[in-house]
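coords17.pdb (PDB, C-alpha atoms and all ligand atoms)
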ATOM      1  CA  MET A  22       0.464  -4.216 -14.613
ATOM      2  CA  THR A  23       2.497  -1.402 -13.131
ATOM      3  CA  THR A  24       1.827   0.093  -9.718
ATOM      4  CA  ALA A  25       0.661   3.348 -11.323
ATOM      5  CA  ASN A  26      -1.793   1.446 -13.517
ATOM      6  CA  ARG A  27      -3.109  -0.486 -10.530
ATOM      7  CA  ALA A  28      -3.563   2.767  -8.643
ATOM      8  CA  ARG A  29      -5.507   4.244 -11.554
ATOM      9  CA  ARG A  30      -7.719   1.185 -11.737
ATOM     10  CA  LEU A  31      -8.429   1.474  -8.026
ATOM     11  CA  ALA A  32      -9.087   5.207  -8.359
ATOM     12  CA  ALA A  33     -11.631   4.511 -11.109
ATOM     13  CA  LEU A  34     -13.513   2.237  -8.689
ATOM     14  CA  ARG A  35     -13.299   4.714  -5.855
ATOM     15  CA  ILE A  36     -14.026   8.057  -7.427
ATOM     16  CA  ASP A  37     -15.548   9.461  -4.225
ATOM     17  CA  ALA A  38     -13.307   7.687  -1.729
ATOM     18  CA  GLN A  39      -9.658   7.901  -0.834
ATOM     19  CA  VAL A  40      -6.991   5.895  -2.532
ATOM     20  CA  PRO A  41      -3.308   5.868  -1.615
ATOM     21  CA  CYS A  42      -1.105   7.830  -3.987
ATOM     22  CA  PRO A  43       1.461   5.379  -5.419
ATOM     23  CA  VAL A  44       4.238   7.965  -5.086
ATOM     24  CA  CYS A  45       3.762   9.744  -1.748
ATOM     25  CA  ALA A  46       1.204   7.366  -0.126
ATOM     26  CA  GLU A  47      -1.049  10.253   0.895
ATOM     27  CA  GLY A  48      -4.763   9.646   0.658
ATOM     28  CA  VAL A  49      -6.169  11.188  -2.498
ATOM     29  CA  LYS A  50      -9.757  11.177  -3.673
ATOM     30  CA  GLY A  51     -10.063   8.666  -6.512
ATOM     31  CA  ALA A  52     -11.392  11.256  -8.927
ATOM     32  CA  ASN A  53      -8.372  13.464  -8.249
ATOM     33  CA  LEU A  54      -5.572  10.911  -8.489
ATOM     34  CA  ASP A  55      -4.564  11.700 -12.060
ATOM     35  CA  ARG A  56      -4.472  15.414 -11.319
ATOM     36  CA  HIS A  57      -2.552  14.809  -8.087
ATOM     37  CA  LEU A  58       0.059  12.709  -9.925
ATOM     38  CA  ALA A  59       0.503  15.334 -12.614
ATOM     39  CA  LYS A  60       0.484  18.355 -10.336
ATOM     40  CA  VAL A  61       2.320  17.161  -7.248
ATOM     41  CA  HIS A  62       4.659  14.619  -8.761
ATOM     42  CA  GLY A  63       5.018  16.065 -12.240
ATOM     43  CA  GLY A  64       4.184  12.923 -14.104
ATOM     44  CA  ASP A  65       2.151   9.778 -14.303
ATOM     45  CA  GLY A  66       3.600   8.029 -11.273
ATOM     46  CA  ALA A  67       5.451   5.494 -13.354
ATOM     47  CA  VAL A  68       8.553   5.975 -11.247
ATOM     48  CA  ALA A  69       6.729   4.996  -8.103
ATOM     49  CA  ALA A  70       8.560   2.391  -6.110
ATOM     50  CA  GLY A  71      12.181   1.461  -6.110
ATOM     51  CA  THR A  72      13.217  -2.128  -5.646
ATOM     52  CA  SER A  73      14.196  -3.250  -2.211
ATOM     53  CA  GLY A  74      17.821  -2.836  -1.382
ATOM     54  CA  SER A  75      19.998  -5.834  -0.784
ATOM     55  CA  GLY A  76      20.765  -6.965   2.722
ATOM     56  CA  GLU A  77      18.032  -5.032   4.453
ATOM     57  CA  SER A  78      15.320  -7.614   4.063
ATOM     58  CA  TYR A  79      14.310  -9.852   6.910
ATOM     59  CA  GLU A  80      15.873  -7.684   9.508
ATOM     60  CA  SER A  81      14.115  -7.856  12.826
ATOM     61  CA  VAL A  82      13.668  -4.357  14.198
ATOM     62  CA  ASP A  83      12.068  -2.983  17.281
ATOM     63  CA  VAL A  84       9.792  -0.282  15.971
ATOM     64  CA  ARG A  85       6.911   1.276  17.815
ATOM     65  CA  VAL A  86       5.599   3.532  15.108
ATOM     66  CA  GLY A  87       3.783   2.841  11.900
ATOM     67  CA  SER A  88       1.736  -0.026  10.634
ATOM     68  CA  TYR A  89       2.422  -3.494   9.516
ATOM     69  CA  LEU A  90       0.923  -5.950   7.131
ATOM     70  CA  GLN A  91       1.368  -9.604   7.869
ATOM     71  CA  LEU A  92       1.329 -11.960   4.926
ATOM     72  CA  CYS A  93       0.388 -15.485   5.886
ATOM     73  CA  SER A  94       0.606 -18.723   4.019
ATOM     74  CA  GLY A  95      -0.279 -21.625   6.238
ATOM     75  CA  ARG A  96       1.890 -21.205   9.304
ATOM     76  CA  ARG A  97       4.507 -19.161   7.549
ATOM     77  CA  ARG A  98       4.299 -15.413   7.769
ATOM     78  CA  ILE A  99       6.198 -12.305   6.803
ATOM     79  CA  THR A 100       5.583  -9.082   8.685
ATOM     80  CA  VAL A 101       6.000  -6.022   6.512
ATOM     81  CA  HIS A 102       6.251  -2.644   8.173
ATOM     82  CA  ALA A 103       6.004   0.974   7.121
ATOM     83  CA  ARG A 104       6.364   4.044   9.318
ATOM     84  CA  ALA A 105       3.138   5.406   7.882
ATOM     85  CA  ALA A 106       0.476   3.432   6.119
ATOM     86  CA  GLY A 107      -1.509   6.203   4.463
ATOM     87  CA  PRO A 108      -5.259   5.607   4.163
ATOM     88  CA  PHE A 109      -4.944   1.830   4.405
ATOM     89  CA  ARG A 110      -7.813   1.270   6.819
ATOM     90  CA  THR A 111     -10.342   3.214   4.811
ATOM     91  CA  THR A 112      -9.186   1.878   1.455
ATOM     92  CA  TRP A 113      -9.299  -1.873   1.920
ATOM     93  CA  THR A 114     -11.296  -4.736   3.303
ATOM     94  CA  GLY A 115     -10.018  -8.268   3.604
ATOM     95  CA  TRP A 116      -7.646  -7.554   6.478
ATOM     96  CA  GLU A 117      -7.922  -7.928  10.240
ATOM     97  CA  GLN A 118      -6.588  -5.694  12.966
ATOM     98  CA  GLY A 119      -3.630  -7.383  14.628
ATOM     99  CA  PRO A 120      -1.954  -6.814  17.981
ATOM    100  CA  ARG A 121       0.901  -4.378  18.454
ATOM    101  CA  ARG A 122       4.147  -5.949  17.373
ATOM    102  CA  ARG A 123       7.742  -5.378  18.198
ATOM    103  CA  SER A 124       9.295  -7.721  15.747
ATOM    104  CA  LEU A 125       9.117  -6.997  12.050
ATOM    105  CA  ASP A 126      10.671  -8.797   9.144
ATOM    106  CA  LEU A 127      10.841  -6.092   6.548
ATOM    107  CA  THR A 128      10.430  -2.323   6.431
ATOM    108  CA  LEU A 129       9.181  -0.668   3.282
ATOM    109  CA  ASP A 130       8.887   2.991   2.552
ATOM    110  CA  ARG A 131       5.396   4.375   2.156
ATOM    111  CA  ALA A 132       5.261   4.142  -1.629
ATOM    112  CA  GLU A 133       6.507   0.558  -1.536
ATOM    113  CA  LEU A 134       3.787  -0.367   0.940
ATOM    114  CA  VAL A 135       1.210   1.142  -1.419
ATOM    115  CA  ALA A 136       2.704  -0.876  -4.285
ATOM    116  CA  LEU A 137       2.380  -4.010  -2.154
ATOM    117  CA  GLN A 138      -1.251  -3.227  -1.319
ATOM    118  CA  LEU A 139      -2.092  -2.735  -4.983
ATOM    119  CA  ALA A 140      -0.366  -5.990  -5.917
ATOM    120  CA  LEU A 141      -2.282  -7.847  -3.187
ATOM    121  CA  TRP A 142      -5.484  -6.342  -4.546
ATOM    122  CA  GLU A 143      -4.671  -7.636  -8.035
ATOM    123  CA  LEU A 144      -4.154 -11.102  -6.554
ATOM    124  CA  GLY A 145      -7.487 -10.905  -4.744
ATOM    125  CA  HIS A 146      -6.116 -10.721  -1.182
ATOM    126  CA  LEU A 147      -7.473  -7.239  -0.516
ATOM    127  CA  ALA A 148     -10.677  -5.639  -1.766
ATOM    128  CA  PRO A 149     -11.564  -1.952  -1.975
ATOM    129  CA  ALA A 150     -13.679  -0.972   1.021
ATOM    130  CA  GLY A 151     -17.293  -0.077   0.456
ATOM    131  CA  GLY A 152     -17.051  -0.408  -3.276
ATOM    132  CA  ALA A 153     -17.380  -2.668  -6.232
ATOM    133  CA  GLY A 154     -14.896  -5.312  -5.128
ATOM    134  CA  ARG A 155     -12.322  -6.131  -7.773
TER     135      ARG A 155
HETATM  136 ZN    ZN B 201       1.250  11.776  -4.156
END
Take the structure in the file and give it back as structure tokens.
Amino acid sequence: MTTANRARRLAALRIDAQVPCPVCAEGVKGANLDRHLAKVHGGDGAVAAGTSGSGESYESVDVRVGSYLQLCSGRRRITVHARAAGPFRTTWTGWEQGPRRRSLDLTLDRAELVALQLALWELGHLAPAGGAGR
């Protein structure tokens, strides 16, 4: 499933709540996502996220702005950062607030962080807040 399709599926579950736009990561009311994609981005959002560039992954950076998402598997973890998270807090449950961090493994742009959130949702690691679950 593409990121745009995942976003549409989420929007259908959250007609009256905000969902992150898969292109610009702004919060958009679920019912308005299709119109937002067509009007603001001139298409269906299929060109959402680029692939990560080579060499930039797993850099440790001292960043004091933005939000991070920490993916844990047992004791192993990857900290993924974006300078702005969009409406993450109001969109999802299944996460916990973590402490401020200075060390980050990977920085994504806003649209890539949205793509990651939607993929985690599809895998069952995040659930839409206040709604019908998956
Ligand atoms: Zn947008």
On this structure, the PyMOL selection byres (((not hetatm)) within 6 of (chain B and resi 201)) would catch which residues? List them as an NGL selection string, sorted by chain and number.
:A and (42 or 44-47 or 58)
With 6 Å on each side, where is the centre of the axis-aligned box around all listed atoms of stretch 135-152 of chain A, and how long are its edges in Å to one decimal, as AutoDock Vina command-line options?
--center_x -7.3 --center_y -5.0 --center_z -3.5 --size_x 32.0 --size_y 24.2 --size_z 21.1
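Shortest atom-to-atom contact with A:Thr24 among A:His146, A:Pro43, A:Arg110, A:Arg121: A:Pro43, counting only C-alpha atoms.
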Give me, as an MDAnalysis selection string, all polymer residues having an atom no more than 10 Å from stretch 89-105 of chain A, counting only C-alpha atoms and skipping those fewer than 4 positions away in the same chain.
chainID A and resid 46:47 78:79 81:82 84:85 109 116:119 121:122 124:135 137:138 141 146
Identify which of the residues A:Thr23, A:Gln39, A:Thr111, A:Ser88 lies closest to A:Ala140, counting all atoms listed in the file when measuring atom-to-atom distances.
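Smallest separation from A:Ala140 among the options: A:Thr23.
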Show me, as a PyMOL selection string, the residues that have an atom within 7 Å of A:Asp37 when counting all atoms listed in the file, minus same-chain residues fewer than 5 positions from it.
chain A and resi 50-52
Nearest to A:Ala136: which of A:Arg123, A:Gly87, A:Ala106, A:Ala33 is it, counting all atoms listed in the file?
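With all atoms listed in the file as the atom set, the closest residue is A:Ala106.
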Could you state which residues are captured by the PyMOL selection byres (((chain A and resi 55) around 12) and not hetatm) in this file, as a PDB file with C-alpha atoms, keeping the file's coordinate frame?
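This went into out_13.pdb:
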ATOM      1  CA  ALA A  25       0.661   3.348 -11.323  1.00  0.00           C
ATOM      2  CA  ASN A  26      -1.793   1.446 -13.517  1.00  0.00           C
ATOM      3  CA  ALA A  28      -3.563   2.767  -8.643  1.00  0.00           C
ATOM      4  CA  ARG A  29      -5.507   4.244 -11.554  1.00  0.00           C
ATOM      5  CA  ARG A  30      -7.719   1.185 -11.737  1.00  0.00           C
ATOM      6  CA  LEU A  31      -8.429   1.474  -8.026  1.00  0.00           C
ATOM      7  CA  ALA A  32      -9.087   5.207  -8.359  1.00  0.00           C
ATOM      8  CA  ALA A  33     -11.631   4.511 -11.109  1.00  0.00           C
ATOM      9  CA  ILE A  36     -14.026   8.057  -7.427  1.00  0.00           C
ATOM     10  CA  VAL A  40      -6.991   5.895  -2.532  1.00  0.00           C
ATOM     11  CA  CYS A  42      -1.105   7.830  -3.987  1.00  0.00           C
ATOM     12  CA  PRO A  43       1.461   5.379  -5.419  1.00  0.00           C
ATOM     13  CA  VAL A  44       4.238   7.965  -5.086  1.00  0.00           C
ATOM     14  CA  VAL A  49      -6.169  11.188  -2.498  1.00  0.00           C
ATOM     15  CA  LYS A  50      -9.757  11.177  -3.673  1.00  0.00           C
ATOM     16  CA  GLY A  51     -10.063   8.666  -6.512  1.00  0.00           C
ATOM     17  CA  ALA A  52     -11.392  11.256  -8.927  1.00  0.00           C
ATOM     18  CA  ASN A  53      -8.372  13.464  -8.249  1.00  0.00           C
ATOM     19  CA  LEU A  54      -5.572  10.911  -8.489  1.00  0.00           C
ATOM     20  CA  ARG A  56      -4.472  15.414 -11.319  1.00  0.00           C
ATOM     21  CA  HIS A  57      -2.552  14.809  -8.087  1.00  0.00           C
ATOM     22  CA  LEU A  58       0.059  12.709  -9.925  1.00  0.00           C
ATOM     23  CA  ALA A  59       0.503  15.334 -12.614  1.00  0.00           C
ATOM     24  CA  LYS A  60       0.484  18.355 -10.336  1.00  0.00           C
ATOM     25  CA  VAL A  61       2.320  17.161  -7.248  1.00  0.00           C
ATOM     26  CA  HIS A  62       4.659  14.619  -8.761  1.00  0.00           C
ATOM     27  CA  GLY A  63       5.018  16.065 -12.240  1.00  0.00           C
ATOM     28  CA  GLY A  64       4.184  12.923 -14.104  1.00  0.00           C
ATOM     29  CA  ASP A  65       2.151   9.778 -14.303  1.00  0.00           C
ATOM     30  CA  GLY A  66       3.600   8.029 -11.273  1.00  0.00           C
ATOM     31  CA  ALA A  67       5.451   5.494 -13.354  1.00  0.00           C
TER      32      ALA A  67
END
Here is a test: counting all atoms listed in the file, which residue of A:Gly107, A:Gly48, A:Pro120, A:Leu34 is nearest to A:Ala148?
A:Leu34
Residues within 9 Å of A:Pro149, please, as a PyMOL selection string. Count all atoms listed in the file; anything in the same chain fewer than 5 positions from it doesn't count.
chain A and resi 31+34-35+111-115+142+154-155
